[in-house]
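Asker: First the structure, then my questions, so here it is.
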2 protein chains.
Amino acid sequence: MTANRRILIAEDDEFVQQLLAAYFQQEGFQVSLVSSGHELMAMLDSEPQDLLLLDLGLPDEDGLVLMRQIRARSSMPVIVLTARQGREDKLTALEMGADDYLIKPCDPKELVLRVGNLLSRSVGADGQSVHLPSSRIIRFEDWSINLDSRSLLDVDNNEVHLSRAEFNLLAALVNAANRVLSRAQLLDAISMDDSSPSERMIDVVIARLRRKLERDPKNPTIIKTMVGIGYRFSAPTKVE
Amino acid sequence: MTANRRILIAEDDEFVQQLLAAYFQQEGFQVSLVSSGHELMAMLDSEPQDLLLLDLGLPDEDGLVLMRQIRARSSMPVIVLTARQGREDKLTALEMGADDYLIKPCDPKELVLRVGNLLSRSVGADGQSVHLPSSRIIRFEDWSINLDSRSLLDVDNNEVHLSRAEFNLLAALVNAANRVLSRAQLLDAISMDDSSPSERMIDVVIARLRRKLERDPKNPTIIKTMVGIGYRFSAPTKVE
DNA sequence: GTGCAGTGTTAATAGGTGTTACAATCAAAT
DNA sequence: ATTTGATTGTAACACCTATTAACACTGCAC
C-alpha cells in the first residue's frame with residue numbers, strides 16, 4: 001500500500017507550500033515542491049511522482065494550460081487547488097483531466113483524505129499503480145523503455161541516451177501505442193512552457209528518434225507517419 | 001504529558017489558519033482559532049491559553065497595539081508572526097513583550113520547535129520538559145551530514161572535508177530537499193557578504209560537490225540539474 | 001615572506017533545442 | 001502516367017545552457 005506516496009505540490013505562496021509540505025510529511029508522504037509552472041514541468045520530466053497537488057494560480061502559466069500539458073505526458077492523479085470560486089474553472093479543470101478539485105481555503109484533513117482516496121483508487125490489487133505508466137517497463141522490437149527511470153535499453157541492455165525532448169516524445173507515442181497523435185498533441189508532450197516551438201520541430205525530433213531506434217530509418221517500422229495527420233507508434237508492445 | 005498545550009492562533013488568512021491548526025493538532029496541541037483582534041481579546045478574556053501565535057497583520061487592529069494590550073493583562077508566552085520584513089517591527093514587537101518573532105514564510109518545523117521551547121521555558125525550573133535541541137544530522141545515500149558541526153561523514157564515518165562554499169551549498173540543498181532552488185537562491189546561501197559572485201559560480205561549486213559526493217558524477221543522483229531553473233537535492237533523507 | 005586552501009572568473013567544450021532551407025515523397029487532379 | 005502542390009525528412013546551422021578545466025586572486029597559517 002505504501003510504495004506510492006510521493007506527492008508533488010505546486011504552489012506559489014511559500015508559506016502555504018511549507019505548511020502543506022510539513023503536513024503531508026507528517027502523514028508519511030515524500031513531498032517535492034515547485035512554485036511555478038516552469039519548475040513543475042521540469043520536475044515531472046526529471047522524476048515521476050505519484051500524485052500532483054496543483055494550485056491553479058501559479059505565477060508564470062495558466063493552470064489550465066499546465067493541466068493540458070500534464071495530461072499530454074502522463075495520466076498521474078491530479079488534484080487541483082484554487083482560490084477562485086468560479087464554477088467554470090472547476091468544470092474546465094475536470095475536463096482537462098484533473099481528478100479532483102478543491103477550493104481554498106479547505107480543511108487540510110479533507111485534503112489528505114482526498115489524496116488518500118485518489119491514491120488508493122489508482123493502486124491495483126497487486127499494489128502496483130494503475131494510473132502511472134511511469135511505473136512500467138515496456139518492450140518493443142529490440143528495445144525496452146523504462147518510463148520510471150526514463151531510460152531506454154537496447155537488446156543488450158545497454159542504455160541509449162535520449163535527450164529530454166526525444167524521451168518525452170517517445171513516451172507520449174508509447175503511451176498512445178497504435179493511436180495517431182497530432183503534432184499539436186506531441187508538442188504539448190515535449191514543450192516545457194508555453195513558448196511553443198513550431199510544429200516542424202516534431203518532425204525533427206521524430207527524425208532524430210528514428211535514427212536512434214529504427215533498423216532502417218528510411219523505412220520506419222516503429223514510428224509511422226500518418227500523412228496530414230500526425231504520427232503513430234505501431235510496434236507491438238509488451239508491458240512488463 | 002504536560003497539561004499546558006493549549007495554543008491560540010490569531011491569523012486572518014483562513015487557509016493558513018487551518019493549515020497551522022491541523023499541523024499543531026497533529027503535534028498534540030489543543031488549538032483555538034481567532035481571525036481578528038477583536039475576537040482575540042475576547043478569547044483571552046474568556047479562556048486562558050498557554051501560548052499565543054499572533055499574526056501582526058490582523059485586519060481590524062494594528063498588531064503592535066494588540067501586543068501592548070495583551071501584555072497589559074497577562075504574561076502569557078507570545079510568538080509574533082508577520083509577513084513584513086522590517087527590522088523595526090521585530091524590535092518593537094520584542095520591546096512590547098513578544099517572546100519570539102518569526103517572519104513568514106517560515107519553516108513550520110521551526111515554528112513548532114520555538115513553541116515547544118517557549119512552553120518548556122514557561123513550565124518552570126523543574127527541568128522536566130526541557131526541550132532537547134533537535135540534532136541536525138541528516139543521512140542520505142552513504143552520507144551523513146551534521147549541520148551543527150558542519151561535517152560530512154562517509155559510509156565508514158570518515159570525515160570528508162568540504163570547503164565553506166561547498167558545505168553551505170550542500171546544506172542549503174539538503175534543507176530544501178526535493179525543492180528546486182534557483183542559482184540566485186543558492187548564491188544567497190554561499191556568499192557571506194553582499195559581493196555576489198556570478199551565477200556560474202554555482203555551477204562550479206556543484207561540480208566540485210558532485211565529484212566528492214556522487215558515485216558517478218556524470219550521472220548525478222543526489223544533486224539533480226533542472227535545466228533553465230536551478231538544482232534540486234533529490235536523494236531520500238533521514239533526519240536523526 | 002612562502003605555501004596552501006579556497007574563491008571566483010573565464011573560456012573551451014559538450015550537448016540540446018529549435019529554425020530554416022532544400023530534398024524527397026505523397027496524393028490528388030488531369 | 002504525369003504534373004503539381006502540399007507535406008514530410010533531414011542536414012546544417014545558430015543559439016542556448018551546463019559542465020569543467022585552467023587560472024588568477026585572496027586570505028590565512030606557518
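Ligands are numbered from 1 in the order shown, residues from 1 within each chain, and chains are lettered A, B, ... in the order they appear in the C-alpha cells.
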Residues of chain A within 12 Å of chain D, using only C-alpha atoms (C1' of nucleotides), as a PyMOL selection string?
Answerer: chain A and resi 199-208+210-211+217-220+224-231
Asker: Got time to write the residues from that selection, N, CA and C atoms, as a PDB file, in the first residue's frame?
Answerer:
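Just written: again-v2.pdb:
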```pdb
ATOM      1  N   GLU A 199       5.641  23.427 -35.316  1.00  0.00           N
ATOM      2  CA  GLU A 199       5.316  22.006 -35.421  1.00  0.00           C
ATOM      3  C   GLU A 199       6.366  21.237 -36.216  1.00  0.00           C
ATOM      4  N   ARG A 200       7.157  21.973 -36.947  1.00  0.00           N
ATOM      5  CA  ARG A 200       8.222  21.286 -37.684  1.00  0.00           C
ATOM      6  C   ARG A 200       9.225  20.642 -36.728  1.00  0.00           C
ATOM      7  N   MET A 201       9.294  21.238 -35.543  1.00  0.00           N
ATOM      8  CA  MET A 201      10.167  20.693 -34.511  1.00  0.00           C
ATOM      9  C   MET A 201       9.877  19.219 -34.282  1.00  0.00           C
ATOM     10  N   ILE A 202       8.598  18.870 -34.323  1.00  0.00           N
ATOM     11  CA  ILE A 202       8.208  17.483 -34.114  1.00  0.00           C
ATOM     12  C   ILE A 202       8.870  16.594 -35.168  1.00  0.00           C
ATOM     13  N   ASP A 203       8.819  17.044 -36.421  1.00  0.00           N
ATOM     14  CA  ASP A 203       9.427  16.250 -37.494  1.00  0.00           C
ATOM     15  C   ASP A 203      10.897  16.000 -37.194  1.00  0.00           C
ATOM     16  N   VAL A 204      11.539  17.066 -36.735  1.00  0.00           N
ATOM     17  CA  VAL A 204      12.970  16.958 -36.479  1.00  0.00           C
ATOM     18  C   VAL A 204      13.248  15.951 -35.367  1.00  0.00           C
ATOM     19  N   VAL A 205      12.503  16.047 -34.295  1.00  0.00           N
ATOM     20  CA  VAL A 205      12.735  15.122 -33.184  1.00  0.00           C
ATOM     21  C   VAL A 205      12.398  13.699 -33.613  1.00  0.00           C
ATOM     22  N   ILE A 206      11.336  13.564 -34.411  1.00  0.00           N
ATOM     23  CA  ILE A 206      10.985  12.235 -34.928  1.00  0.00           C
ATOM     24  C   ILE A 206      12.163  11.668 -35.726  1.00  0.00           C
ATOM     25  N   ALA A 207      12.759  12.507 -36.550  1.00  0.00           N
ATOM     26  CA  ALA A 207      13.892  12.043 -37.355  1.00  0.00           C
ATOM     27  C   ALA A 207      15.030  11.588 -36.464  1.00  0.00           C
ATOM     28  N   ARG A 208      15.303  12.379 -35.424  1.00  0.00           N
ATOM     29  CA  ARG A 208      16.404  12.018 -34.517  1.00  0.00           C
ATOM     30  C   ARG A 208      16.106  10.712 -33.789  1.00  0.00           C
ATOM     31  N   ARG A 210      14.150   8.311 -34.876  1.00  0.00           N
ATOM     32  CA  ARG A 210      14.218   7.185 -35.819  1.00  0.00           C
ATOM     33  C   ARG A 210      15.660   6.788 -36.068  1.00  0.00           C
ATOM     34  N   ARG A 211      16.533   7.785 -36.144  1.00  0.00           N
ATOM     35  CA  ARG A 211      17.928   7.452 -36.402  1.00  0.00           C
ATOM     36  C   ARG A 211      18.492   6.597 -35.269  1.00  0.00           C
ATOM     37  N   PRO A 217      16.112   3.678 -40.864  1.00  0.00           N
ATOM     38  CA  PRO A 217      15.388   4.926 -40.615  1.00  0.00           C
ATOM     39  C   PRO A 217      14.603   5.413 -41.831  1.00  0.00           C
ATOM     40  N   LYS A 218      14.986   4.949 -42.996  1.00  0.00           N
ATOM     41  CA  LYS A 218      14.253   5.392 -44.193  1.00  0.00           C
ATOM     42  C   LYS A 218      12.913   4.659 -44.324  1.00  0.00           C
ATOM     43  N   ASN A 219      12.859   3.451 -43.799  1.00  0.00           N
ATOM     44  CA  ASN A 219      11.609   2.695 -43.808  1.00  0.00           C
ATOM     45  C   ASN A 219      11.210   2.361 -42.376  1.00  0.00           C
ATOM     46  N   PRO A 220      10.722   3.358 -41.679  1.00  0.00           N
ATOM     47  CA  PRO A 220      10.455   3.162 -40.254  1.00  0.00           C
ATOM     48  C   PRO A 220       9.343   2.149 -40.015  1.00  0.00           C
ATOM     49  N   LYS A 224       5.414   5.392 -37.300  1.00  0.00           N
ATOM     50  CA  LYS A 224       4.880   5.544 -38.650  1.00  0.00           C
ATOM     51  C   LYS A 224       4.337   6.945 -38.869  1.00  0.00           C
ATOM     52  N   THR A 225       4.550   7.457 -40.053  1.00  0.00           N
ATOM     53  CA  THR A 225       4.000   8.756 -40.417  1.00  0.00           C
ATOM     54  C   THR A 225       2.576   8.592 -40.943  1.00  0.00           C
ATOM     55  N   MET A 226       1.652   9.391 -40.432  1.00  0.00           N
ATOM     56  CA  MET A 226       0.310   9.427 -40.985  1.00  0.00           C
ATOM     57  C   MET A 226       0.175  10.758 -41.696  1.00  0.00           C
ATOM     58  N   VAL A 227       0.342  10.701 -42.983  1.00  0.00           N
ATOM     59  CA  VAL A 227       0.440  11.951 -43.754  1.00  0.00           C
ATOM     60  C   VAL A 227      -0.778  12.831 -43.514  1.00  0.00           C
ATOM     61  N   GLY A 228      -0.489  14.079 -43.199  1.00  0.00           N
ATOM     62  CA  GLY A 228      -1.574  15.036 -42.997  1.00  0.00           C
ATOM     63  C   GLY A 228      -2.217  14.951 -41.632  1.00  0.00           C
ATOM     64  N   ILE A 229      -1.800  13.965 -40.820  1.00  0.00           N
ATOM     65  CA  ILE A 229      -2.460  13.801 -39.523  1.00  0.00           C
ATOM     66  C   ILE A 229      -1.463  13.873 -38.371  1.00  0.00           C
ATOM     67  N   GLY A 230      -0.453  13.030 -38.460  1.00  0.00           N
ATOM     68  CA  GLY A 230       0.499  13.038 -37.362  1.00  0.00           C
ATOM     69  C   GLY A 230       1.362  11.793 -37.395  1.00  0.00           C
ATOM     70  N   TYR A 231       1.653  11.250 -36.219  1.00  0.00           N
ATOM     71  CA  TYR A 231       2.491  10.063 -36.145  1.00  0.00           C
ATOM     72  C   TYR A 231       1.830   9.013 -35.275  1.00  0.00           C
TER      73      TYR A 231
END
```
Asker: Any chance you could tabulate, as a tab-separated table, the residues of chain C at most 10 Å from chain B with each one's nearest atom pair and distance in Å to one decimal, using only C-alpha atoms (C1' of nucleotides), in chain and rising number order?
Answerer:
```
residue	atom	partner	partner_atom	distance
C:DA5	C1'	B:Ser163	CA	8.7
C:DG6	C1'	B:Ser163	CA	6.8
C:DT7	C1'	B:Ala165	CA	8.4
C:DG8	C1'	B:Met201	CA	6.6
C:DT9	C1'	B:Met201	CA	8.5
```
Asker: Take the residues just selected and output them with N, CA and C atoms (P, O5', C5', C4', C3', O3' and C1' of nucleotides) as an mmCIF file, in the first residue's frame.
Answerer:
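Printed below is result.cif as written:
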```
data_model
loop_
_atom_site.group_PDB
_atom_site.id
_atom_site.type_symbol
_atom_site.label_atom_id
_atom_site.label_comp_id
_atom_site.auth_asym_id
_atom_site.auth_seq_id
_atom_site.Cartn_x
_atom_site.Cartn_y
_atom_site.Cartn_z
ATOM 1 P P DA C 5 46.639 22.492 0.547
ATOM 2 O "O5'" DA C 5 45.212 23.076 0.913
ATOM 3 C "C5'" DA C 5 44.987 23.579 2.220
ATOM 4 C "C4'" DA C 5 43.819 24.522 2.169
ATOM 5 C "C3'" DA C 5 42.666 23.997 1.313
ATOM 6 O "O3'" DA C 5 41.452 24.228 2.012
ATOM 7 C "C1'" DA C 5 43.366 26.112 0.506
ATOM 8 P P DG C 6 40.096 23.788 1.435
ATOM 9 O "O5'" DG C 6 39.531 25.149 0.873
ATOM 10 C "C5'" DG C 6 39.371 26.232 1.772
ATOM 11 C "C4'" DG C 6 38.978 27.441 0.991
ATOM 12 C "C3'" DG C 6 37.771 27.224 0.078
ATOM 13 O "O3'" DG C 6 36.821 28.227 0.391
ATOM 14 C "C1'" DG C 6 39.549 28.234 -1.109
ATOM 15 P P DT C 7 35.459 28.334 -0.323
ATOM 16 O "O5'" DT C 7 35.720 29.548 -1.302
ATOM 17 C "C5'" DT C 7 36.189 30.763 -0.778
ATOM 18 C "C4'" DT C 7 36.309 31.781 -1.896
ATOM 19 C "C3'" DT C 7 35.095 31.860 -2.808
ATOM 20 O "O3'" DT C 7 34.745 33.228 -2.921
ATOM 21 C "C1'" DT C 7 37.057 31.546 -4.081
ATOM 22 P P DG C 8 33.288 33.629 -3.396
ATOM 23 O "O5'" DG C 8 33.554 33.884 -4.944
ATOM 24 C "C5'" DG C 8 34.373 34.974 -5.305
ATOM 25 C "C4'" DG C 8 34.839 34.829 -6.728
ATOM 26 C "C3'" DG C 8 33.732 34.635 -7.774
ATOM 27 O "O3'" DG C 8 33.765 35.761 -8.641
ATOM 28 C "C1'" DG C 8 35.571 33.207 -8.180
ATOM 29 P P DT C 9 32.844 35.871 -9.907
ATOM 30 O "O5'" DT C 9 33.911 35.703 -11.083
ATOM 31 C "C5'" DT C 9 35.161 36.365 -10.969
ATOM 32 C "C4'" DT C 9 35.956 36.199 -12.262
ATOM 33 C "C3'" DT C 9 35.123 36.234 -13.542
ATOM 34 O "O3'" DT C 9 35.803 37.067 -14.471
ATOM 35 C "C1'" DT C 9 36.328 34.180 -13.419
#
```
Asker: So the first atom is atom CA of Val34 of chain A and the second is atom CA of Phe15 of chain A; what is the distance between them in Å, to one decimal place?
Answerer: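 Those two atoms sit 12.7 Å apart.
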Asker: Once you count only C-alpha atoms, which residues of chain B turn out to be within 6 Å of chain A? Could you give them as an MDAnalysis selection string?
Answerer: chainID B and resid 15 23 105 178:179
Asker: Using only C-alpha atoms, please write the residues we just selected to a file, as a PDB file, in the first residue's frame.
Answerer:
```pdb
ATOM      1  CA  PHE B  15      -6.262  28.745   4.695  1.00  0.00           C
ATOM      2  CA  TYR B  23      -0.337  20.963  11.954  1.00  0.00           C
ATOM      3  CA  PRO B 105       7.191  32.272   5.293  1.00  0.00           C
ATOM      4  CA  ASN B 178      13.076  17.895  -3.088  1.00  0.00           C
ATOM      5  CA  ARG B 179      12.555  21.561  -3.703  1.00  0.00           C
TER       6      ARG B 179
END
```
Asker: Using atom CA of Leu44 of chain A and atom CA of Ala235 of chain B as the two end points, give the distance in Å to one decimal.
Answerer: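 Here the two named atoms are 16.0 Å from each other.
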Asker: Just give me the gap between atom CA of Leu51 of chain B and atom CA of Glu11 of chain B in Å, one decimal is fine.
Answerer: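 These two atoms are separated by 14.0 Å.
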Asker: So that I can see what lies close to His161 of chain A, please list as a VMD selection string the residues with an atom at most 9 Å from it, counting only C-alpha atoms (C1' of nucleotides) and leaving out residues fewer than 5 positions away in the same chain.
Answerer: chain A and resid 151 to 153 167
Asker: Please give the complete set of residues from segment 27-194 of chain B that DSSP, run on the backbone, assigns to helix (DSSP H, G or I), formatted as a PyMOL selection string.
Answerer: chain B and resi 37-46+63-73+87-95+108-123+164-175+183-190
Asker: As a list of chain:residue names, which residues of segment 133-170 of chain A does DSSP assign to strand (DSSP E or B)?
Answerer: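 These are the residues in question: A:Ile137, A:Ile138, A:Arg139, A:Phe140, A:Trp143, A:Ser144, A:Ile145, A:Asn146, A:Ser151, A:Leu152, A:Leu153, A:Glu159, A:Val160.
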